[in-house]
Amino acid sequence: MKTLSVLCVVCTLAVLSVSATAEPKLKNCNEVREAFTSKGFNMNDAPNKVVNGAPLKVCPQGFTCCTAEMEDKLSQQSHTEIKAPVSRLSTSLQSTFKQRHDHFDKFFKELLKNSQTSLHNMFVRTYGKMYIENSQLFTDFFASLTRYYVSGSSAVNLDSMLSDFWADLLERMFRLVNVQYEFSDAYMECVSQHTEQLQPFGDVPRKMRVQMTRAFVAARTFVRGLALMPDVVNKVSTVSASPSCVRAAMKMLYCPYCSGQVALKPCQNYCLNVMRGCLANQADLDTEWNNFLDAMLGLADRLEGPFNFESVMDPLDVKISEAIMNMQENSVQVSQRVFQGCGTPKPNKAVRSKRSGKETGFTGRFRPYSPEARPTTAAGTSLDRLVRNRTVSRSSVFVLLPEMCFVCAAQTTEVKKKLKHAKKFWSTLPETVCAAERTAPGDECWNGTAKSRYQSDVIGNGLANQVSNPDVEVDITKPDVVIRTQIAVLKDMTNRLKAAHSGNDVTFELEDEASGDSESGSGCDSPSCGEDDIYISTSQNPEKPRVKSVQTDSSSASSRGGLAPALALCGPALALLAPHWR
């Protein structure tokens, strides 16, 4: 009897223990219903009391405040919530570089226009009627330069264009300095064929060709690089999350709701594993993205220094005028060499021996513009301000050599800061999403099953590392096609940037510049486009670039101040010949 009594007591305790264990901890689901409603769902879709969680597919089963229908809706909500911070960061990055692209592109185009205006105004004052009668030559010259900037070698062969320009200028000048002779078209063709051998314009054409090729290639390639960034970001950031990623996000963000712990945040390492699984393909973009940004930074250095677009275009009028002066000063020797090679031309019986200087409308002396009076751009008064975000007196541009003027600055450029800030953007997205305000440390966090410490190790970034991800099932054998395409696009553009950095002209079999003349986007107008701001459409099948070497030339652009006295002497001599320029 005593033994039986003891057994009865033990059984009674066991039953009580089972009853206590079976008793649900949740008394009601009011707090869960309120939280569910705050997400925009109907309160009636959530139970008002604890239910059996056997139908649940993602969250822990047992007594719960979630139904299978709630799981489906919360899965959609979790997809939106993990996408939101990625979208916000991507939009900020796109807006920043859309703005930088617009500023640089507008500035380079306005420099071209201002250079043409400056040359026209100076040549009208200096050469008068003889320039006006031949101004179409210079108008066509600048139109070709603009087309080359916009569309590259697919639209204009810069070498050929410059050769044709100097040959045409030589023909006109040769007729001018030899007005006592008649020249047939065949004779002038002979003259033009020997332009490089004669070197009538001194070393100016060679220097201009090297400097202009480098500066134009650097400028347009840099602008294309700025335009590429938001396009890549847009394509990559819109890649859809996989079903397994959505399930993992739902489990991380909303399964605590089912147990009534609506305020419980996920453990940080748990969040990192989930997001590294969800963003595995994006992380694989990081290596080529960083290589691209390094190439952009390198080309930015070139734009500040020896390949400076402004230092080439700003004194272009002076350089061409210097070439004309060289031709005039060496006209006798040039003519003698031409006569030896092409034969002595027939005398021009109709030429008059004297002309009045008043007929030319020439002012008598060349007076160069003050640097401060030269045209400025709406995008910024100089490349120095755009690249360096600081103010430099324009007169210093002409006092110092271009290399010294731009390389000596100690300040880091604004655009460089933005480029550097964008490095490792893709590999650090999980850390950004799993920031401290969205996660909790230690034991006071959701580990996927309960409020406790997360025990699993944090896996690495990238698709290959996800084979051991404990929280997200990732098929590492199927890389995302969109992202792989963008990796190829970045690699292709990096090669072009490196070629431009080396001073080489780069052309593609298919130039994707159809939208070159269209207006760029307006950029970011919101207040968020500030310090935290993190834009050439990409081809799905990037072509292999063709690189053409440019002759090395260590000479820099001549300073305006040094040439002005020599040009002043050129004016009176040309004035005597002005009426005969045809």
# chains A, B, ... in the order shown; residues from 1 in each chain; ligands from 1
>>> residues_around(residues="stretch 457-462 of chain A", least_positions_apart="6", cutoff="6 Å", atoms="only C-alpha atoms", output="PDB file with N, CA, C and O atoms, in the first residue's frame")
ATOM      1  N   ASN A 273      24.157  37.122 -41.412  1.00  0.00           N
ATOM      2  CA  ASN A 273      24.092  35.896 -42.213  1.00  0.00           C
ATOM      3  C   ASN A 273      22.912  35.909 -43.171  1.00  0.00           C
ATOM      4  O   ASN A 273      23.020  35.467 -44.322  1.00  0.00           O
ATOM      5  N   ARG A 276      23.770  38.560 -45.933  1.00  0.00           N
ATOM      6  CA  ARG A 276      24.843  38.103 -46.824  1.00  0.00           C
ATOM      7  C   ARG A 276      24.359  36.999 -47.747  1.00  0.00           C
ATOM      8  O   ARG A 276      24.851  36.853 -48.859  1.00  0.00           O
ATOM      9  N   ALA A 280      24.219  37.955 -51.784  1.00  0.00           N
ATOM     10  CA  ALA A 280      25.442  37.242 -52.171  1.00  0.00           C
ATOM     11  C   ALA A 280      25.899  37.629 -53.571  1.00  0.00           C
ATOM     12  O   ALA A 280      27.088  37.864 -53.808  1.00  0.00           O
ATOM     13  N   ALA A 283      27.340  41.167 -53.742  1.00  0.00           N
ATOM     14  CA  ALA A 283      28.681  41.266 -53.150  1.00  0.00           C
ATOM     15  C   ALA A 283      29.761  40.865 -54.143  1.00  0.00           C
ATOM     16  O   ALA A 283      30.887  41.372 -54.095  1.00  0.00           O
ATOM     17  N   ASP A 284      29.429  39.965 -55.069  1.00  0.00           N
ATOM     18  CA  ASP A 284      30.408  39.545 -56.071  1.00  0.00           C
ATOM     19  C   ASP A 284      30.746  40.659 -57.055  1.00  0.00           C
ATOM     20  O   ASP A 284      31.730  40.551 -57.798  1.00  0.00           O
TER      21      ASP A 284
END
>>> atom_distance(atom1="atom CA of A:Asp492", atom2="atom CA of A:Ser144")
26.6 Å
>>> atom_distance(atom1="atom CA of A:Ile324", atom2="atom CA of A:Gln180")
19.7 Å
>>> select_by_dssp(residues="stretch 41-226 of chain A", states="alpha helix (DSSP H)", output="ChimeraX atom specification")
/A:68-127,129-132,135-151,158-177,185-193,195-198,204-226
>>> residues_around(residues="A:Ser335", least_positions_apart="5", cutoff="9 Å", atoms="only C-alpha atoms", output="list in words")
Phe174, Val177, Asn178, Asn330 and Gln340 of chain A
>>> write_last_selection(atoms="N, CA and C atoms", output="mmCIF file, in the first residue's frame")
data_model
loop_
_atom_site.group_PDB
_atom_site.id
_atom_site.type_symbol
_atom_site.label_atom_id
_atom_site.label_comp_id
_atom_site.auth_asym_id
_atom_site.auth_seq_id
_atom_site.Cartn_x
_atom_site.Cartn_y
_atom_site.Cartn_z
ATOM 1 N N PHE A 174 49.246 80.032 -97.520
ATOM 2 C CA PHE A 174 50.223 79.980 -98.603
ATOM 3 C C PHE A 174 49.823 80.902 -99.748
ATOM 4 N N VAL A 177 50.592 84.572 -98.531
ATOM 5 C CA VAL A 177 51.978 85.056 -98.535
ATOM 6 C C VAL A 177 52.617 84.990 -99.921
ATOM 7 N N ASN A 178 51.891 84.436 -100.883
ATOM 8 C CA ASN A 178 52.402 84.360 -102.262
ATOM 9 C C ASN A 178 51.360 84.892 -103.237
ATOM 10 N N ASN A 330 58.119 82.340 -91.359
ATOM 11 C CA ASN A 330 58.915 81.402 -92.143
ATOM 12 C C ASN A 330 58.388 81.247 -93.566
ATOM 13 N N GLN A 340 60.468 74.064 -104.831
ATOM 14 C CA GLN A 340 61.427 73.022 -105.197
ATOM 15 C C GLN A 340 60.730 71.674 -105.395
#
>>> residues_around(residues="A:Lys498", least_positions_apart="3", cutoff="12 Å", atoms="only C-alpha atoms", output="PDB file with N, CA and C atoms, in the first residue's frame")
ATOM      1  N   VAL A 217      40.102  62.726 -74.661  1.00  0.00           N
ATOM      2  CA  VAL A 217      39.837  61.338 -74.281  1.00  0.00           C
ATOM      3  C   VAL A 217      39.626  61.232 -72.775  1.00  0.00           C
ATOM      4  N   ALA A 218      40.465  61.918 -72.000  1.00  0.00           N
ATOM      5  CA  ALA A 218      40.317  61.884 -70.541  1.00  0.00           C
ATOM      6  C   ALA A 218      38.985  62.476 -70.110  1.00  0.00           C
ATOM      7  N   THR A 221      35.928  60.271 -71.339  1.00  0.00           N
ATOM      8  CA  THR A 221      35.907  58.975 -70.676  1.00  0.00           C
ATOM      9  C   THR A 221      35.527  59.127 -69.210  1.00  0.00           C
ATOM     10  N   PHE A 222      36.013  60.186 -68.580  1.00  0.00           N
ATOM     11  CA  PHE A 222      35.662  60.435 -67.181  1.00  0.00           C
ATOM     12  C   PHE A 222      34.162  60.695 -67.050  1.00  0.00           C
ATOM     13  N   GLY A 225      32.332  57.543 -67.385  1.00  0.00           N
ATOM     14  CA  GLY A 225      32.432  56.762 -66.159  1.00  0.00           C
ATOM     15  C   GLY A 225      31.449  57.233 -65.102  1.00  0.00           C
ATOM     16  N   ASN A 291      37.753  48.182 -58.631  1.00  0.00           N
ATOM     17  CA  ASN A 291      38.733  48.407 -59.697  1.00  0.00           C
ATOM     18  C   ASN A 291      38.318  49.567 -60.582  1.00  0.00           C
ATOM     19  N   PHE A 292      37.039  49.634 -60.883  1.00  0.00           N
ATOM     20  CA  PHE A 292      36.490  50.725 -61.698  1.00  0.00           C
ATOM     21  C   PHE A 292      36.676  52.072 -61.002  1.00  0.00           C
ATOM     22  N   LEU A 293      36.377  52.111 -59.712  1.00  0.00           N
ATOM     23  CA  LEU A 293      36.519  53.362 -58.959  1.00  0.00           C
ATOM     24  C   LEU A 293      37.978  53.787 -58.854  1.00  0.00           C
ATOM     25  N   ASP A 294      38.881  52.854 -58.700  1.00  0.00           N
ATOM     26  CA  ASP A 294      40.310  53.182 -58.674  1.00  0.00           C
ATOM     27  C   ASP A 294      40.741  53.787 -60.009  1.00  0.00           C
ATOM     28  N   ALA A 295      40.220  53.236 -61.116  1.00  0.00           N
ATOM     29  CA  ALA A 295      40.542  53.772 -62.439  1.00  0.00           C
ATOM     30  C   ALA A 295      39.961  55.171 -62.619  1.00  0.00           C
ATOM     31  N   MET A 296      38.777  55.409 -62.072  1.00  0.00           N
ATOM     32  CA  MET A 296      38.173  56.743 -62.124  1.00  0.00           C
ATOM     33  C   MET A 296      39.021  57.742 -61.333  1.00  0.00           C
ATOM     34  N   LEU A 297      39.490  57.332 -60.167  1.00  0.00           N
ATOM     35  CA  LEU A 297      40.326  58.215 -59.346  1.00  0.00           C
ATOM     36  C   LEU A 297      41.642  58.528 -60.051  1.00  0.00           C
ATOM     37  N   GLY A 298      42.209  57.538 -60.712  1.00  0.00           N
ATOM     38  CA  GLY A 298      43.442  57.763 -61.456  1.00  0.00           C
ATOM     39  C   GLY A 298      43.250  58.742 -62.592  1.00  0.00           C
ATOM     40  N   LEU A 299      42.128  58.612 -63.311  1.00  0.00           N
ATOM     41  CA  LEU A 299      41.860  59.527 -64.420  1.00  0.00           C
ATOM     42  C   LEU A 299      41.551  60.933 -63.906  1.00  0.00           C
ATOM     43  N   ALA A 300      40.948  61.020 -62.728  1.00  0.00           N
ATOM     44  CA  ALA A 300      40.701  62.334 -62.127  1.00  0.00           C
ATOM     45  C   ALA A 300      42.029  63.052 -61.853  1.00  0.00           C
ATOM     46  N   ARG A 302      44.708  62.716 -63.646  1.00  0.00           N
ATOM     47  CA  ARG A 302      45.161  63.175 -64.958  1.00  0.00           C
ATOM     48  C   ARG A 302      44.433  64.450 -65.379  1.00  0.00           C
ATOM     49  N   LYS A 491      34.171  45.921 -65.975  1.00  0.00           N
ATOM     50  CA  LYS A 491      35.514  45.521 -66.400  1.00  0.00           C
ATOM     51  C   LYS A 491      35.874  46.179 -67.727  1.00  0.00           C
ATOM     52  N   ASP A 492      34.916  46.220 -68.646  1.00  0.00           N
ATOM     53  CA  ASP A 492      35.129  46.848 -69.947  1.00  0.00           C
ATOM     54  C   ASP A 492      35.429  48.338 -69.795  1.00  0.00           C
ATOM     55  N   MET A 493      34.662  49.021 -68.931  1.00  0.00           N
ATOM     56  CA  MET A 493      34.857  50.447 -68.732  1.00  0.00           C
ATOM     57  C   MET A 493      36.166  50.727 -68.002  1.00  0.00           C
ATOM     58  N   THR A 494      36.552  49.853 -67.102  1.00  0.00           N
ATOM     59  CA  THR A 494      37.824  50.013 -66.402  1.00  0.00           C
ATOM     60  C   THR A 494      38.985  49.972 -67.387  1.00  0.00           C
ATOM     61  N   ASN A 495      38.922  49.075 -68.357  1.00  0.00           N
ATOM     62  CA  ASN A 495      39.961  49.012 -69.381  1.00  0.00           C
ATOM     63  C   ASN A 495      40.032  50.303 -70.178  1.00  0.00           C
ATOM     64  N   HIS A 501      43.905  56.932 -69.187  1.00  0.00           N
ATOM     65  CA  HIS A 501      44.908  57.359 -68.214  1.00  0.00           C
ATOM     66  C   HIS A 501      46.311  57.316 -68.813  1.00  0.00           C
ATOM     67  N   SER A 502      46.541  56.383 -69.729  1.00  0.00           N
ATOM     68  CA  SER A 502      47.845  56.247 -70.377  1.00  0.00           C
ATOM     69  C   SER A 502      48.011  57.195 -71.551  1.00  0.00           C
ATOM     70  N   GLY A 503      46.988  57.993 -71.845  1.00  0.00           N
ATOM     71  CA  GLY A 503      47.074  58.946 -72.939  1.00  0.00           C
ATOM     72  C   GLY A 503      46.698  58.367 -74.278  1.00  0.00           C
ATOM     73  N   ASN A 504      46.009  57.217 -74.285  1.00  0.00           N
ATOM     74  CA  ASN A 504      45.645  56.560 -75.531  1.00  0.00           C
ATOM     75  C   ASN A 504      44.198  56.835 -75.899  1.00  0.00           C
ATOM     76  N   ASP A 505      43.980  57.061 -77.190  1.00  0.00           N
ATOM     77  CA  ASP A 505      42.615  57.197 -77.685  1.00  0.00           C
ATOM     78  C   ASP A 505      41.977  55.810 -77.687  1.00  0.00           C
ATOM     79  N   VAL A 506      40.720  55.734 -77.270  1.00  0.00           N
ATOM     80  CA  VAL A 506      40.021  54.459 -77.185  1.00  0.00           C
ATOM     81  C   VAL A 506      38.735  54.543 -77.974  1.00  0.00           C
ATOM     82  N   PRO A 545      37.519  47.061 -76.280  1.00  0.00           N
ATOM     83  CA  PRO A 545      38.002  48.350 -76.755  1.00  0.00           C
ATOM     84  C   PRO A 545      39.205  48.204 -77.681  1.00  0.00           C
ATOM     85  N   VAL A 547      42.543  50.204 -78.718  1.00  0.00           N
ATOM     86  CA  VAL A 547      43.393  51.252 -78.160  1.00  0.00           C
ATOM     87  C   VAL A 547      44.401  51.693 -79.205  1.00  0.00           C
TER      88      VAL A 547
END
